[in-house]
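**Q** One file is attached below, final.cif, containing mmCIF, C-alpha atoms.
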data_work
#
loop_
_atom_site.group_PDB
_atom_site.id
_atom_site.type_symbol
_atom_site.label_atom_id
_atom_site.label_comp_id
_atom_site.auth_asym_id
_atom_site.auth_seq_id
_atom_site.Cartn_x
_atom_site.Cartn_y
_atom_site.Cartn_z
ATOM 1 C CA MET A 255 29.235 50.932 -44.730
ATOM 2 C CA MET A 256 26.005 50.616 -46.685
ATOM 3 C CA ARG A 257 27.708 49.474 -49.873
ATOM 4 C CA PRO A 258 29.176 46.209 -48.444
ATOM 5 C CA LYS A 259 25.775 45.358 -46.928
ATOM 6 C CA PHE A 260 24.065 46.092 -50.236
ATOM 7 C CA GLU A 261 26.565 43.912 -52.100
ATOM 8 C CA ALA A 262 26.091 41.130 -49.548
ATOM 9 C CA ILE A 263 22.315 41.262 -50.086
ATOM 10 C CA LEU A 264 22.771 41.111 -53.866
ATOM 11 C CA LEU A 265 25.177 38.198 -53.522
ATOM 12 C CA THR A 266 22.714 36.301 -51.311
ATOM 13 C CA GLN A 267 19.873 36.907 -53.767
ATOM 14 C CA ARG A 268 22.071 35.779 -56.664
ATOM 15 C CA ARG A 269 22.966 32.567 -54.849
ATOM 16 C CA GLN A 270 19.306 31.876 -54.039
ATOM 17 C CA ARG A 271 18.389 32.455 -57.685
ATOM 18 C CA HIS A 272 21.104 30.059 -58.827
ATOM 19 C CA ILE A 273 19.886 27.447 -56.319
ATOM 20 C CA ARG A 274 16.299 27.779 -57.576
ATOM 21 C CA ILE A 275 17.466 27.461 -61.189
ATOM 22 C CA ALA A 276 19.485 24.355 -60.274
ATOM 23 C CA GLN A 277 16.446 22.847 -58.500
ATOM 24 C CA VAL A 278 14.187 23.509 -61.493
ATOM 25 C CA MET A 279 16.750 22.032 -63.871
ATOM 26 C CA GLY A 280 17.056 18.977 -61.632
ATOM 27 C CA VAL A 281 13.289 18.440 -61.775
ATOM 28 C CA VAL A 282 13.310 18.903 -65.565
ATOM 29 C CA VAL A 283 16.082 16.297 -65.933
ATOM 30 C CA VAL A 284 14.198 13.778 -63.784
ATOM 31 C CA VAL A 285 10.990 14.337 -65.778
ATOM 32 C CA LEU A 286 12.823 13.931 -69.098
ATOM 33 C CA MET A 287 14.438 10.714 -67.853
ATOM 34 C CA ALA A 288 11.005 9.403 -66.886
ATOM 35 C CA PHE A 289 9.644 10.211 -70.370
ATOM 36 C CA ILE A 290 12.633 8.472 -71.983
ATOM 37 C CA ALA A 291 12.213 5.392 -69.763
ATOM 38 C CA ALA A 292 8.517 5.238 -70.725
ATOM 39 C CA GLY A 293 9.351 5.417 -74.442
ATOM 40 C CA PHE A 294 7.452 8.670 -74.843
ATOM 41 C CA PHE A 295 9.892 9.873 -77.518
ATOM 42 C CA ASP A 296 9.621 6.661 -79.540
ATOM 43 C CA PHE A 297 7.832 8.449 -82.368
ATOM 44 C CA GLY A 298 7.976 5.435 -84.648
ATOM 45 C CA ARG A 299 6.045 3.335 -82.170
ATOM 46 C CA LEU A 300 3.581 6.160 -81.513
ATOM 47 C CA SER A 301 2.992 6.721 -85.221
ATOM 48 C CA GLU A 302 2.257 3.014 -85.683
ATOM 49 C CA GLY A 303 -0.181 3.007 -82.753
ATOM 50 C CA ILE A 304 -2.194 6.081 -83.712
ATOM 51 C CA PRO A 305 -3.928 4.437 -86.743
ATOM 52 C CA ASP A 306 -4.858 1.438 -84.572
ATOM 53 C CA LEU A 307 -6.273 3.771 -81.927
ATOM 54 C CA ILE A 308 -8.312 5.649 -84.518
ATOM 55 C CA ASP A 309 -9.570 2.320 -85.881
ATOM 56 C CA ILE A 310 -10.691 1.135 -82.404
ATOM 57 C CA ILE A 311 -12.456 4.436 -81.710
ATOM 58 C CA GLY A 312 -14.130 4.221 -85.108
ATOM 59 C CA GLN A 313 -15.457 0.746 -84.272
ATOM 60 C CA MET A 314 -17.172 2.184 -81.176
ATOM 61 C CA PHE A 315 -19.559 4.144 -83.386
ATOM 62 C CA PRO A 316 -22.445 3.963 -83.536
ATOM 63 C CA PRO A 317 -22.693 2.900 -79.868
ATOM 64 C CA ASP A 318 -24.799 -0.210 -79.268
ATOM 65 C CA PHE A 319 -27.342 0.377 -76.486
ATOM 66 C CA SER A 320 -29.324 -2.790 -77.204
ATOM 67 C CA HIS A 321 -28.241 -4.320 -73.880
ATOM 68 C CA ALA A 322 -28.594 -1.121 -71.875
ATOM 69 C CA ARG A 323 -31.319 -2.628 -69.683
ATOM 70 C CA THR A 324 -28.885 -5.266 -68.411
ATOM 71 C CA TRP A 325 -26.436 -2.534 -67.383
ATOM 72 C CA LEU A 326 -28.837 -0.956 -64.903
ATOM 73 C CA LYS A 327 -28.042 -3.290 -61.999
ATOM 74 C CA PRO A 328 -24.243 -3.171 -62.556
ATOM 75 C CA MET A 329 -24.421 0.629 -62.586
ATOM 76 C CA VAL A 330 -26.420 0.625 -59.335
ATOM 77 C CA ASP A 331 -23.845 -1.800 -57.903
ATOM 78 C CA THR A 332 -21.042 0.584 -58.891
ATOM 79 C CA LEU A 333 -22.833 3.498 -57.229
ATOM 80 C CA ALA A 334 -23.437 1.406 -54.096
ATOM 81 C CA MET A 335 -19.774 0.346 -54.099
ATOM 82 C CA SER A 336 -18.612 3.957 -54.210
ATOM 83 C CA ILE A 337 -20.949 5.076 -51.416
ATOM 84 C CA ALA A 338 -20.178 2.124 -49.134
ATOM 85 C CA SER A 339 -16.413 2.340 -49.693
ATOM 86 C CA THR A 340 -16.419 6.088 -48.988
ATOM 87 C CA ALA A 341 -18.454 5.623 -45.804
ATOM 88 C CA LEU A 342 -16.080 2.851 -44.680
ATOM 89 C CA ALA A 343 -13.076 5.079 -45.385
ATOM 90 C CA ILE A 344 -14.506 8.033 -43.439
ATOM 91 C CA ALA A 345 -15.513 5.898 -40.463
ATOM 92 C CA LEU A 346 -12.039 4.385 -40.121
ATOM 93 C CA SER A 347 -10.041 7.427 -41.239
ATOM 94 C CA LEU A 348 -11.247 9.790 -38.525
ATOM 95 C CA PRO A 349 -9.948 7.809 -35.509
ATOM 96 C CA LEU A 350 -6.706 7.057 -37.374
ATOM 97 C CA ALA A 351 -6.341 10.742 -38.252
ATOM 98 C CA LEU A 352 -6.765 11.729 -34.595
ATOM 99 C CA LEU A 353 -3.910 9.365 -33.741
ATOM 100 C CA ALA A 354 -1.830 10.548 -36.723
ATOM 101 C CA ALA A 355 -2.061 14.254 -35.809
ATOM 102 C CA LYS A 356 0.432 15.647 -33.302
ATOM 103 C CA THR A 357 -2.305 17.859 -31.867
ATOM 104 C CA THR A 358 -4.467 14.955 -30.711
ATOM 105 C CA ALA A 359 -2.156 11.894 -30.586
ATOM 106 C CA PRO A 360 -1.885 10.556 -27.006
ATOM 107 C CA ASN A 361 1.792 9.647 -27.410
ATOM 108 C CA LEU A 362 4.584 9.391 -29.971
ATOM 109 C CA LEU A 363 4.274 5.600 -30.380
ATOM 110 C CA LEU A 364 0.614 5.783 -31.426
ATOM 111 C CA TYR A 365 1.374 8.765 -33.645
ATOM 112 C CA GLN A 366 4.109 6.910 -35.529
ATOM 113 C CA GLY A 367 2.022 3.732 -35.727
ATOM 114 C CA ALA A 368 -0.967 5.585 -37.210
ATOM 115 C CA ARG A 369 1.276 7.344 -39.744
ATOM 116 C CA VAL A 370 2.799 4.023 -40.834
ATOM 117 C CA ALA A 371 -0.668 2.457 -41.167
ATOM 118 C CA LEU A 372 -1.868 5.336 -43.372
ATOM 119 C CA ASN A 373 1.261 5.064 -45.522
ATOM 120 C CA ILE A 374 0.783 1.316 -46.016
ATOM 121 C CA LEU A 375 -2.896 1.643 -46.966
ATOM 122 C CA ARG A 376 -2.106 4.505 -49.329
ATOM 123 C CA ALA A 377 0.749 2.623 -50.997
ATOM 124 C CA ILE A 378 -1.232 -0.473 -52.083
ATOM 125 C CA PRO A 379 -3.301 0.231 -55.262
ATOM 126 C CA GLU A 380 -7.018 -0.542 -55.314
ATOM 127 C CA LEU A 381 -6.642 -3.170 -58.034
ATOM 128 C CA ILE A 382 -4.069 -5.124 -56.014
ATOM 129 C CA MET A 383 -6.339 -5.000 -52.979
ATOM 130 C CA GLY A 384 -9.233 -6.017 -55.239
ATOM 131 C CA ILE A 385 -7.384 -9.121 -56.405
ATOM 132 C CA ILE A 386 -6.598 -10.073 -52.802
ATOM 133 C CA PHE A 387 -10.167 -9.565 -51.576
ATOM 134 C CA VAL A 388 -11.712 -11.369 -54.562
ATOM 135 C CA ALA A 389 -9.496 -14.341 -53.701
ATOM 136 C CA ALA A 390 -10.520 -14.047 -50.040
ATOM 137 C CA VAL A 391 -14.283 -13.389 -50.159
ATOM 138 C CA GLY A 392 -15.240 -14.245 -53.744
ATOM 139 C CA PHE A 393 -16.742 -12.266 -56.602
ATOM 140 C CA GLY A 394 -19.217 -9.402 -56.261
ATOM 141 C CA ILE A 395 -19.099 -5.832 -55.051
ATOM 142 C CA LEU A 396 -18.041 -6.718 -51.475
ATOM 143 C CA PRO A 397 -14.349 -7.122 -52.391
ATOM 144 C CA GLY A 398 -14.637 -3.881 -54.347
ATOM 145 C CA VAL A 399 -16.001 -2.049 -51.304
ATOM 146 C CA LEU A 400 -13.210 -3.419 -49.123
ATOM 147 C CA ALA A 401 -10.480 -2.646 -51.666
ATOM 148 C CA VAL A 402 -11.574 0.894 -52.545
ATOM 149 C CA GLY A 403 -12.517 1.684 -48.945
ATOM 150 C CA LEU A 404 -9.265 0.509 -47.350
ATOM 151 C CA HIS A 405 -7.120 2.214 -49.982
ATOM 152 C CA SER A 406 -9.097 5.431 -49.431
ATOM 153 C CA ILE A 407 -8.323 5.354 -45.707
ATOM 154 C CA GLY A 408 -4.672 6.071 -46.459
ATOM 155 C CA MET A 409 -5.385 9.269 -48.390
ATOM 156 C CA VAL A 410 -8.478 10.457 -46.516
ATOM 157 C CA GLY A 411 -6.819 9.842 -43.151
ATOM 158 C CA LYS A 412 -3.765 11.827 -44.238
ATOM 159 C CA PHE A 413 -5.917 14.801 -45.278
ATOM 160 C CA PHE A 414 -7.904 14.606 -42.035
ATOM 161 C CA ALA A 415 -4.694 14.487 -39.969
ATOM 162 C CA GLU A 416 -3.225 17.480 -41.803
ATOM 163 C CA SER A 417 -6.433 19.465 -41.196
ATOM 164 C CA ILE A 418 -6.349 18.604 -37.497
ATOM 165 C CA GLU A 419 -2.704 19.616 -37.162
ATOM 166 C CA HIS A 420 -3.397 22.968 -38.846
ATOM 167 C CA ALA A 421 -6.370 23.765 -36.602
ATOM 168 C CA ASP A 422 -6.110 26.937 -34.513
ATOM 169 C CA HIS A 423 -4.481 26.085 -31.160
ATOM 170 C CA SER A 424 -6.107 28.948 -29.263
ATOM 171 C CA PRO A 425 -9.484 27.185 -28.666
ATOM 172 C CA ILE A 426 -7.612 23.985 -27.799
ATOM 173 C CA GLU A 427 -5.452 25.736 -25.200
ATOM 174 C CA ALA A 428 -8.467 27.595 -23.821
ATOM 175 C CA ILE A 429 -10.531 24.457 -23.218
ATOM 176 C CA GLN A 430 -7.499 22.633 -21.788
ATOM 177 C CA ALA A 431 -7.009 25.530 -19.352
ATOM 178 C CA VAL A 432 -10.428 24.883 -17.786
ATOM 179 C CA GLY A 433 -9.613 21.208 -17.158
ATOM 180 C CA ALA A 434 -11.209 19.499 -20.181
ATOM 181 C CA ASP A 435 -10.133 15.934 -20.909
ATOM 182 C CA GLN A 436 -8.826 14.767 -24.298
ATOM 183 C CA PHE A 437 -12.249 13.700 -25.585
ATOM 184 C CA GLN A 438 -13.763 17.077 -24.680
ATOM 185 C CA VAL A 439 -10.868 18.881 -26.368
ATOM 186 C CA ILE A 440 -11.433 16.912 -29.571
ATOM 187 C CA TYR A 441 -15.228 17.263 -29.503
ATOM 188 C CA HIS A 442 -15.461 20.948 -28.580
ATOM 189 C CA ALA A 443 -12.241 22.505 -29.909
ATOM 190 C CA VAL A 444 -10.881 20.348 -32.757
ATOM 191 C CA LEU A 445 -13.822 18.841 -34.653
ATOM 192 C CA PRO A 446 -15.820 22.102 -35.025
ATOM 193 C CA GLN A 447 -12.808 23.656 -36.747
ATOM 194 C CA VAL A 448 -12.042 20.799 -39.150
ATOM 195 C CA LEU A 449 -15.594 19.624 -39.910
ATOM 196 C CA PRO A 450 -15.913 21.710 -43.132
ATOM 197 C CA GLN A 451 -12.620 20.270 -44.427
ATOM 198 C CA ILE A 452 -13.714 16.750 -43.455
ATOM 199 C CA ILE A 453 -16.956 17.130 -45.406
ATOM 200 C CA ASP A 454 -15.132 18.639 -48.386
ATOM 201 C CA VAL A 455 -12.514 15.875 -48.528
ATOM 202 C CA SER A 456 -15.182 13.179 -48.061
ATOM 203 C CA LEU A 457 -17.226 14.430 -51.009
ATOM 204 C CA TYR A 458 -14.162 14.736 -53.237
ATOM 205 C CA ARG A 459 -13.182 11.220 -52.261
ATOM 206 C CA TRP A 460 -16.653 9.942 -53.160
ATOM 207 C CA GLU A 461 -16.178 11.384 -56.661
ATOM 208 C CA TYR A 462 -12.829 9.601 -56.934
ATOM 209 C CA ASN A 463 -14.179 6.344 -55.496
ATOM 210 C CA PHE A 464 -16.966 6.227 -58.071
ATOM 211 C CA ARG A 465 -14.369 6.376 -60.826
ATOM 212 C CA ALA A 466 -12.261 3.766 -59.026
ATOM 213 C CA SER A 467 -15.326 1.532 -58.600
ATOM 214 C CA THR A 468 -15.934 1.491 -62.357
ATOM 215 C CA ILE A 469 -12.647 -0.331 -62.974
ATOM 216 C CA MET A 470 -12.913 -2.836 -60.120
ATOM 217 C CA GLY A 471 -14.787 -5.143 -62.480
ATOM 218 C CA ALA A 472 -11.426 -5.815 -64.137
ATOM 219 C CA VAL A 473 -10.548 -8.074 -61.174
ATOM 220 C CA GLY A 474 -14.034 -9.573 -60.743
ATOM 221 C CA ALA A 475 -15.421 -7.104 -58.198
ATOM 222 C CA GLY A 476 -18.647 -6.559 -60.145
ATOM 223 C CA GLY A 477 -20.251 -3.314 -61.229
ATOM 224 C CA ILE A 478 -20.339 -1.699 -64.650
ATOM 225 C CA GLY A 479 -16.597 -2.271 -64.992
ATOM 226 C CA PHE A 480 -17.248 -6.012 -65.268
ATOM 227 C CA GLU A 481 -19.549 -5.373 -68.235
ATOM 228 C CA LEU A 482 -16.954 -3.089 -69.828
ATOM 229 C CA ILE A 483 -14.140 -5.643 -69.491
ATOM 230 C CA GLY A 484 -16.426 -8.381 -70.852
ATOM 231 C CA ALA A 485 -17.262 -6.304 -73.932
ATOM 232 C CA LEU A 486 -13.586 -5.510 -74.499
ATOM 233 C CA ARG A 487 -12.595 -9.174 -74.302
ATOM 234 C CA LEU A 488 -15.259 -10.081 -76.873
ATOM 235 C CA LEU A 489 -14.140 -7.173 -79.110
ATOM 236 C CA GLN A 490 -17.667 -5.731 -78.994
ATOM 237 C CA TYR A 491 -16.476 -2.174 -79.473
ATOM 238 C CA GLU A 492 -19.959 -0.771 -80.181
ATOM 239 C CA ALA A 493 -21.026 -2.000 -76.737
ATOM 240 C CA VAL A 494 -17.777 -0.623 -75.262
ATOM 241 C CA GLY A 495 -18.612 2.811 -76.678
ATOM 242 C CA ALA A 496 -22.123 2.666 -75.233
ATOM 243 C CA ILE A 497 -20.883 1.602 -71.786
ATOM 244 C CA LEU A 498 -18.293 4.398 -71.788
ATOM 245 C CA ILE A 499 -21.039 6.908 -72.564
ATOM 246 C CA VAL A 500 -23.140 5.538 -69.683
ATOM 247 C CA ILE A 501 -20.128 5.749 -67.325
ATOM 248 C CA LEU A 502 -19.412 9.311 -68.460
ATOM 249 C CA ALA A 503 -23.033 10.293 -67.797
ATOM 250 C CA MET A 504 -22.924 8.753 -64.319
ATOM 251 C CA VAL A 505 -19.582 10.401 -63.493
ATOM 252 C CA THR A 506 -21.031 13.757 -64.527
ATOM 253 C CA LEU A 507 -24.118 13.116 -62.384
ATOM 254 C CA VAL A 508 -22.029 12.133 -59.338
ATOM 255 C CA ASP A 509 -19.803 15.197 -59.758
ATOM 256 C CA SER A 510 -22.833 17.482 -59.984
ATOM 257 C CA LEU A 511 -24.470 15.892 -56.943
ATOM 258 C CA SER A 512 -21.215 16.193 -55.005
ATOM 259 C CA SER A 513 -20.992 19.899 -55.849
ATOM 260 C CA VAL A 514 -24.566 20.437 -54.615
ATOM 261 C CA LEU A 515 -23.858 18.585 -51.361
ATOM 262 C CA ARG A 516 -20.623 20.528 -50.901
ATOM 263 C CA ARG A 517 -22.433 23.865 -51.179
ATOM 264 C CA TYR A 518 -25.124 22.638 -48.781
ATOM 265 C CA PHE A 519 -22.876 21.244 -46.052
ATOM 266 C CA THR A 520 -19.885 23.616 -46.193
#
Written as structure tokens, how would this file's structure read?
**A**
Amino acid sequence: MMRPKFEAILLTQRRQRHIRIAQVMGVVVVVLMAFIAAGFFDFGRLSEGIPDLIDIIGQMFPPDFSHARTWLKPMVDTLAMSIASTALAIALSLPLALLAAKTTAPNLLLYQGARVALNILRAIPELIMGIIFVAAVGFGILPGVLAVGLHSIGMVGKFFAESIEHADHSPIEAIQAVGADQFQVIYHAVLPQVLPQIIDVSLYRWEYNFRASTIMGAVGAGGIGFELIGALRLLQYEAVGAILIVILAMVTLVDSLSSVLRRYFT
């Protein structure tokens, strides 16, 4: 009697292994098709582009810092854009996340509506939003704040909602058992559990938003990205190299500061 059971177990394992192999091969085929569609295996084109790339990089040296003083305000604007957009995203993401989590959503209609809203905001790239807001409110860092902030709501809200849904249900059930209303449940049982994740995600998003803010100048949203695009258009590659070094230094500084804040708050 044991032998048929043993053979059945082996057969099941063999089938599962074949399914996993088929799934992996399917993913590999899709990835290869994507590379082919992108022209990644066009070695002739790549070989022609490499010398041009080396030539452009060579023209960036030595970097020209002669206009570095004029980059101070754009860099401060970029930093302000990243902070303001992250704060906007957090402020609007938390209530949306509470509606988009099954644990705290009042009803199915609001749950589905919040999920759709997060999907829409997450689907529209920052640059597209930047173009729209520049057309609506004019040039400057305000459209950049709105574009980066609203796009961030989609991702930050999703992470917040997932954290809320994975919170331990025991404290929630305990406080509901003593007659607490929905606000009290959220304040006393849900938020204390997910606060470390909220802080962690917020700081990571600030790091990302600073990088995103540096390229918003491409659509007229100000900041150091505007200076970078201007130098590229004028073929001032020495200035481009210097601006890239400044951006790299600021990114490193923001990442380090974020790590310090993360250790302090979590």
**Q** I want to know what sits within 10 Å of Gly398 of chain A, based on all atoms listed in the file, with residues of the same chain fewer than 5 positions away left out; could you give that as JSON, numbers by chain?
**A** {"A": [332, 335, 336, 338, 339, 380, 381, 383, 384, 385, 387, 388, 393, 403, 404, 466, 467, 468, 469, 470, 471, 473, 474, 475, 476, 477]}
**Q** Write the residues of the selection above to a file with C-alpha atoms, as a PDB file, in the coordinates of the input.
**A**
ATOM      1  CA  THR A 332     -21.042   0.584 -58.891  1.00  0.00           C
ATOM      2  CA  MET A 335     -19.774   0.346 -54.099  1.00  0.00           C
ATOM      3  CA  SER A 336     -18.612   3.957 -54.210  1.00  0.00           C
ATOM      4  CA  ALA A 338     -20.178   2.124 -49.134  1.00  0.00           C
ATOM      5  CA  SER A 339     -16.413   2.340 -49.693  1.00  0.00           C
ATOM      6  CA  GLU A 380      -7.018  -0.542 -55.314  1.00  0.00           C
ATOM      7  CA  LEU A 381      -6.642  -3.170 -58.034  1.00  0.00           C
ATOM      8  CA  MET A 383      -6.339  -5.000 -52.979  1.00  0.00           C
ATOM      9  CA  GLY A 384      -9.233  -6.017 -55.239  1.00  0.00           C
ATOM     10  CA  ILE A 385      -7.384  -9.121 -56.405  1.00  0.00           C
ATOM     11  CA  PHE A 387     -10.167  -9.565 -51.576  1.00  0.00           C
ATOM     12  CA  VAL A 388     -11.712 -11.369 -54.562  1.00  0.00           C
ATOM     13  CA  PHE A 393     -16.742 -12.266 -56.602  1.00  0.00           C
ATOM     14  CA  GLY A 403     -12.517   1.684 -48.945  1.00  0.00           C
ATOM     15  CA  LEU A 404      -9.265   0.509 -47.350  1.00  0.00           C
ATOM     16  CA  ALA A 466     -12.261   3.766 -59.026  1.00  0.00           C
ATOM     17  CA  SER A 467     -15.326   1.532 -58.600  1.00  0.00           C
ATOM     18  CA  THR A 468     -15.934   1.491 -62.357  1.00  0.00           C
ATOM     19  CA  ILE A 469     -12.647  -0.331 -62.974  1.00  0.00           C
ATOM     20  CA  MET A 470     -12.913  -2.836 -60.120  1.00  0.00           C
ATOM     21  CA  GLY A 471     -14.787  -5.143 -62.480  1.00  0.00           C
ATOM     22  CA  VAL A 473     -10.548  -8.074 -61.174  1.00  0.00           C
ATOM     23  CA  GLY A 474     -14.034  -9.573 -60.743  1.00  0.00           C
ATOM     24  CA  ALA A 475     -15.421  -7.104 -58.198  1.00  0.00           C
ATOM     25  CA  GLY A 476     -18.647  -6.559 -60.145  1.00  0.00           C
ATOM     26  CA  GLY A 477     -20.251  -3.314 -61.229  1.00  0.00           C
TER      27      GLY A 477
END
**Q** Atom CA of Ile478 of chain A and atom CA of Met329 of chain A, how far apart in Å?
**A**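 Interatomic distance, atom CA of Met329 of chain A to atom CA of Ile478 of chain A: 5.1 Å.
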**Q** Write out as a short mmCIF file (atom, residue, chain, number, x, y, z; two decimals) with C-alpha atoms, in the coordinates of the input each polymer residue whose atoms come within 9 Å of segment 411-424 of chain A, counting only C-alpha atoms; drop sequence neighbours fewer than 2 positions from it.
**A**
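Writing the result to selection_19.cif gives the following:
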data_model
loop_
_atom_site.label_atom_id
_atom_site.label_comp_id
_atom_site.auth_asym_id
_atom_site.auth_seq_id
_atom_site.Cartn_x
_atom_site.Cartn_y
_atom_site.Cartn_z
CA ALA A 343 -13.08 5.08 -45.38
CA ILE A 344 -14.51 8.03 -43.44
CA LEU A 346 -12.04 4.38 -40.12
CA SER A 347 -10.04 7.43 -41.24
CA LEU A 348 -11.25 9.79 -38.52
CA PRO A 349 -9.95 7.81 -35.51
CA LEU A 350 -6.71 7.06 -37.37
CA ALA A 351 -6.34 10.74 -38.25
CA LEU A 352 -6.76 11.73 -34.60
CA LEU A 353 -3.91 9.36 -33.74
CA ALA A 354 -1.83 10.55 -36.72
CA ALA A 355 -2.06 14.25 -35.81
CA LYS A 356 0.43 15.65 -33.30
CA THR A 357 -2.31 17.86 -31.87
CA THR A 358 -4.47 14.96 -30.71
CA ARG A 369 1.28 7.34 -39.74
CA LEU A 372 -1.87 5.34 -43.37
CA ASN A 373 1.26 5.06 -45.52
CA SER A 406 -9.10 5.43 -49.43
CA ILE A 407 -8.32 5.35 -45.71
CA GLY A 408 -4.67 6.07 -46.46
CA MET A 409 -5.38 9.27 -48.39
CA ILE A 426 -7.61 23.98 -27.80
CA GLU A 427 -5.45 25.74 -25.20
CA ALA A 428 -8.47 27.60 -23.82
CA ILE A 429 -10.53 24.46 -23.22
CA ALA A 443 -12.24 22.50 -29.91
CA VAL A 444 -10.88 20.35 -32.76
CA LEU A 445 -13.82 18.84 -34.65
CA GLN A 447 -12.81 23.66 -36.75
CA VAL A 448 -12.04 20.80 -39.15
CA GLN A 451 -12.62 20.27 -44.43
CA ILE A 452 -13.71 16.75 -43.46
CA VAL A 455 -12.51 15.88 -48.53
#
**Q** For Pro397 of chain A, which residue among A:Leu307, A:Ala359, A:Val285, A:Ile382 is the nearest when counting all atoms listed in the file?
**A**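 Closest to Pro397 of chain A, using all atoms listed in the file: A:Ile382.
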**Q** Could you please determine the separation between atom CA of Phe480 of chain A and atom CA of Val391 of chain A in Å, to one decimal place?
**A**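 The value is 17.1 Å.
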**Q** Would you please work out which residue, of A:Val514, A:Ala292, A:Met504, A:Leu498, is nearest to Met314 of chain A when using only C-alpha atoms?
**A** A:Leu498
**Q** Can you measure atom CA of Ser512 of chain A to atom CA of Val399 of chain A for me? One decimal in Å is fine.
**A** 19.3 Å
**Q** Adding 6 Å on each side of the box along x, y and z that holds all listed atoms of segment 267-279 of chain A, could you give its centre and edge lengths in Å to one decimal, as JSON?
**A**
{"center_x": 18.6, "center_y": 29.5, "center_z": -58.8, "size_x": 20.8, "size_y": 26.9, "size_z": 22.1}
